[in-house]
Amino acid sequence: MTDCLSLRNVSKSYHAGIRGCSATVTVLRDVDLNVFGGEIVAIGSAPGAGKTTLLMCAAGLIRPDRGAVSWFGGPPRRDGSVRPDGIAYAGDRPFPYGFLTTREALEYAAIVRDLPLRDSARRVACAMDWTRLSPVADRRVDALNGSDLARLSVASALLSEPRLLLIDDIGSGCDSAVAEELVRLLHVVATEGAGVVVSGHLVQWFAPAMAAQPRAGVRFFSLAGGRLKAIDPALPAVRRHMGPQSHARVAELPHSAAPRQNGGR
């Protein structure tokens, strides 16, 4: 299996307050994690436990205080400015330009990611097709509902046809059918060879998806007290921690609509 991501002894703390009345909060403590191509890693935790910090360290967007991150078998690093191409991060932050249409937002995302202009139209069209955004292609972003905003976040990340896809806590406004659909799509992305890491709301949908239609391998973890621990999603305590489970029904996405991984940027 291809090594997509490796975290070794990653720790991160934040400092808050003013001089004489400050505090240090440690959100990650000596986290170790390997992610391989063709698999999905699903991370559940309570709100504010550090999921975003973990995924941003994994994406090279913030620097850990200690430890190192490596991508695709490269040397361990703490400085994300030298991260390789092929990494895509999708977060739950609102899109900054709500006056753009869905299509325009993806075209803008392609420019921001410095993707080849000659290939931009194809990438945007494919991303809209994969995430089923075509019916709202001409709708303003600030008029999209929670489900379509989640689709847009995933579509933006898929533009680069990544080898490592990091999905951070999207889907809080999704209805069950769209959540299942996105999980199905992420399975397809993994079976095409990418490593996928998912945290937050979508995690609760992976266990029933595996039961209904297993495809890519999925490993489940919990993040608590700054530490990452492998868990068994079948345990009742874990199910309560992950949130209410859906019925074992997965929305079908034709395999012909699957994104093809070619290394991206």
# chains A, B, ... in the order shown; residues from 1 in each chain; ligands from 1
>>> residues_around(residues="Val35 in chain A", least_positions_apart="2", cutoff="12 Å", atoms="only C-alpha atoms", output="PyMOL selection string")
chain A and resi 1-8+32-33+37-42+58+69-73+163-166+190+193-198+217-220
>>> closest_atom_pairs(of="range 7-108 of chain A", to="range 123-137 of chain A", cutoff="10 Å", atoms="only C-alpha atoms", output="tab-separated table")
residue	atom	partner	partner_atom	distance
A:Thr101	CA	A:Ala137	CA	6.6
A:Thr102	CA	A:Ala137	CA	4.9
A:Arg103	CA	A:Ala137	CA	5.1
A:Glu104	CA	A:Ala137	CA	8.3
A:Ala105	CA	A:Ala137	CA	9.5
A:Leu106	CA	A:Val124	CA	6.1
A:Glu107	CA	A:Val124	CA	6.5
A:Tyr108	CA	A:Val124	CA	9.9
>>> residues_around(residues="range 83-99 of chain A", least_positions_apart="6", cutoff="9 Å", atoms="only C-alpha atoms", output="MDAnalysis selection string")
chainID A and resid 52 55:56 59:60 70:72 74 77 105 140:143 149:150 153:172 263:265
>>> select_by_dssp(residues="range 11-186 of chain A", states="strand (DSSP E or B)", output="NGL selection string")
:A and (11-18 or 21-36 or 39-45 or 66-71 or 77 or 87-90 or 101 or 140 or 164-168)
